[in-house]
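> Dumping the structure here so I can ask a few things about it.
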2 protein chains.
Amino acid sequence: MTFVDQMGEFFDRMGQPRIAGLLFGHLLICSPPEQTAAQLEEATGASAGSVNSMLRLLQGLGYVERRGEPGSRRLWYRIAPGAFSRAMAERMRLVEVLRRLAEVGLEEVGEEGGRSDRLREMRDFYAFFERQLPALFEEYEKRHEDGE
Amino acid sequence: MTFVDQMGEFFDRMGQPRIAGLLFGHLLICSPPEQTAAQLEEATGASAGSVNSMLRLLQGLGYVERRGEPGSRRLWYRIAPGAFSRAMAERMRLVEVLRRLAEVGLEEVGEEGGRSDRLREMRDFYAFFERQLPALFEEYEKRHEDGE
DNA sequence: CAGTAATTTCAGTATATACTGAAAATATGA
DNA sequence: TCATATTTTCAGTATATACTGAAATTACTG
């Protein structure tokens, strides 16, 4: 199975539309890096409608960006710079959501008493990663700016 | 909206069955921490079939465990110790999957040439987190064992 | 102002799966 | 072994949505 198909399968397993994965995968390996909707339609075998709406989805998530060349009605799509960082940051926001959820629960059952022990562990667990992950992130950015 | 309902909604947004979220949420705040299927059915308003299969799902993921008391056919369900760690570890495995995927792509297009630049960035990005995240994890475990 | 290349919309379909409710299976107590 | 409490299975339903293909729209060119 090709890389592009495996990206499609990965998206599928993550509950995302397969075609979004095919597009993302193809945009990762195509040459040149910018492609038109028609090229992506050809490369993935998906319909024009799917390509259009899935590219819109990927743009909304910040993984893909497009630009038009003046004097033409063609639009060119490419992987957005920093797409991986953005995807990772999105994942990390879940940690904050879960920490907040634990606090919603604690407000509901009260801080003391046997009903709060699991929620306090949940809150502390996610609060720890919420605090530590941004530093890790910055370290990557730093190493990346310097010569790797 | 109650904490339990918000957990249901969270699961739903993550592409997981809502009822699994309701069960997980209720098991986080119930007293006593162990509950029977009948109690969970009552508490969540879900059918016996759903409660059974969603508890099975949660057990499969390692978030819930059950035990039977001798001399009775009742089974008791509770949040598994370390459920949050396990959930986080599961998420982190995706980093490895994506790093491997990048390598599949690189094998396909070759390391040099313009087609590999995005894939090399992808591989390096995920390889960095794959290397760093386990240490963060261990630090949490360590702090948690000591008095927080 | 046409003519046309490209994009976008959208109705229709196919498919997957969460969920229910009741029947079947299982395991304990008498 | 029979009766019963509990769990498990499963057929059927409802719902959501990925996807197609064609029509409608948009925007550039001559």
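Chain labels A, B, ... are given in the sequence in which chains occur in the structure tokens; within each chain residues are numbered consecutively from 1, and ligands are likewise numbered from 1 in the order shown.
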Output as a list in words all residues of chain B that backbone DSSP marks as strand (DSSP E or B).

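The strand (DSSP E or B) subset of chain B is Gln35, Thr36, Val64, Glu65, Arg66, Arg67, Gly68, Leu75, Trp76, Tyr77, Arg78 and Ile79 of chain B.
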
> Using only C-alpha atoms (C1' of nucleotides), which chain B residues lie at most 12 Å away from chain C, written as a list in words?

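Putting it all together, I get Asp12, Gly15, Gln16, Pro17, Arg18, Ile19, Ala20, Gly45, Ala46, Ser47, Ala48, Gly49, Ser50, Val51, Asn52, Ser53, Met54, Gly68, Glu69, Pro70, Gly71, Ser72, Arg73, Arg74 and Leu75 of chain B.
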
> Determine which residues of chain A receive a DSSP assignment of helix (DSSP H, G or I), computed from the backbone, and state them as a ChimeraX atom specification.

/A:3-13,18-29,37-44,48-60,83-109,114-145

> Need to verify the contact set: Arg99 (chain B), 9 Å, only C-alpha atoms (C1' of nucleotides), exclusion of same-chain residues closer than 4 positions in sequence. Can you return it as a PyMOL selection string?

chain B and resi 94-95+103-104+122-127+130

> I need the chain A residues near chain B as an NGL selection string; criterion: at most 7 Å, counting only C-alpha atoms.

:A and (3 or 15 or 28-31 or 84 or 104-105 or 115-116 or 118-119 or 122)

> Could you save those same residues with N, CA and C atoms as an mmCIF file, in the first residue's frame?


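Saved the output as out_3.cif:
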data_model
loop_
_atom_site.group_PDB
_atom_site.id
_atom_site.type_symbol
_atom_site.label_atom_id
_atom_site.label_comp_id
_atom_site.auth_asym_id
_atom_site.auth_seq_id
_atom_site.Cartn_x
_atom_site.Cartn_y
_atom_site.Cartn_z
ATOM 1 N N PHE A 3 2.210 5.227 0.331
ATOM 2 C CA PHE A 3 2.197 6.211 1.410
ATOM 3 C C PHE A 3 0.872 6.983 1.434
ATOM 4 N N GLY A 15 -11.133 8.842 12.511
ATOM 5 C CA GLY A 15 -12.477 9.396 12.400
ATOM 6 C C GLY A 15 -12.563 10.588 11.464
ATOM 7 N N LEU A 28 2.060 16.047 0.550
ATOM 8 C CA LEU A 28 3.342 15.879 1.243
ATOM 9 C C LEU A 28 4.446 15.381 0.314
ATOM 10 N N ILE A 29 4.081 14.742 -0.775
ATOM 11 C CA ILE A 29 5.119 14.118 -1.619
ATOM 12 C C ILE A 29 5.124 14.613 -3.063
ATOM 13 N N CYS A 30 4.180 15.493 -3.409
ATOM 14 C CA CYS A 30 4.065 15.860 -4.813
ATOM 15 C C CYS A 30 5.171 16.828 -5.231
ATOM 16 N N SER A 31 5.392 16.865 -6.517
ATOM 17 C CA SER A 31 6.351 17.801 -7.082
ATOM 18 C C SER A 31 5.758 18.382 -8.345
ATOM 19 N N PHE A 84 2.544 20.533 10.961
ATOM 20 C CA PHE A 84 2.690 19.501 11.993
ATOM 21 C C PHE A 84 2.592 20.105 13.392
ATOM 22 N N VAL A 104 -15.045 21.104 36.387
ATOM 23 C CA VAL A 104 -16.515 21.123 36.351
ATOM 24 C C VAL A 104 -17.066 20.066 37.300
ATOM 25 N N GLY A 105 -16.478 18.857 37.219
ATOM 26 C CA GLY A 105 -16.918 17.777 38.090
ATOM 27 C C GLY A 105 -16.699 18.091 39.553
ATOM 28 N N ARG A 115 -16.226 11.215 46.839
ATOM 29 C CA ARG A 115 -16.608 11.316 45.428
ATOM 30 C C ARG A 115 -15.617 12.136 44.607
ATOM 31 N N SER A 116 -14.708 12.852 45.273
ATOM 32 C CA SER A 116 -13.830 13.762 44.536
ATOM 33 C C SER A 116 -12.430 13.208 44.294
ATOM 34 N N ARG A 118 -11.204 10.648 42.540
ATOM 35 C CA ARG A 118 -10.839 10.368 41.142
ATOM 36 C C ARG A 118 -10.726 11.654 40.335
ATOM 37 N N LEU A 119 -11.608 12.601 40.605
ATOM 38 C CA LEU A 119 -11.575 13.868 39.870
ATOM 39 C C LEU A 119 -10.342 14.690 40.205
ATOM 40 N N MET A 122 -7.587 13.263 38.265
ATOM 41 C CA MET A 122 -7.758 13.663 36.859
ATOM 42 C C MET A 122 -7.290 15.101 36.650
#

> Should the cut-off be 7 Å, what would the residue list for chain D against chain A look like, counting only C-alpha atoms (C1' of nucleotides), as a count of residues only?

5

> Could you tell me how far CA of Leu57 (chain A) sits from CA of Leu22 (chain B), in Å to one decimal place?

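Separating CA of Leu22 (chain B) from CA of Leu57 (chain A) is a distance of 29.1 Å.
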
> CA of Ala87 (chain B) and CA of Gly21 (chain B), how far apart in Å?

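Distance between the two atoms: 13.4 Å.
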
> Calculate how many Å separate C1' of DT4 (chain D) from CA of Thr44 (chain B), rounding to one decimal.

25.7 Å
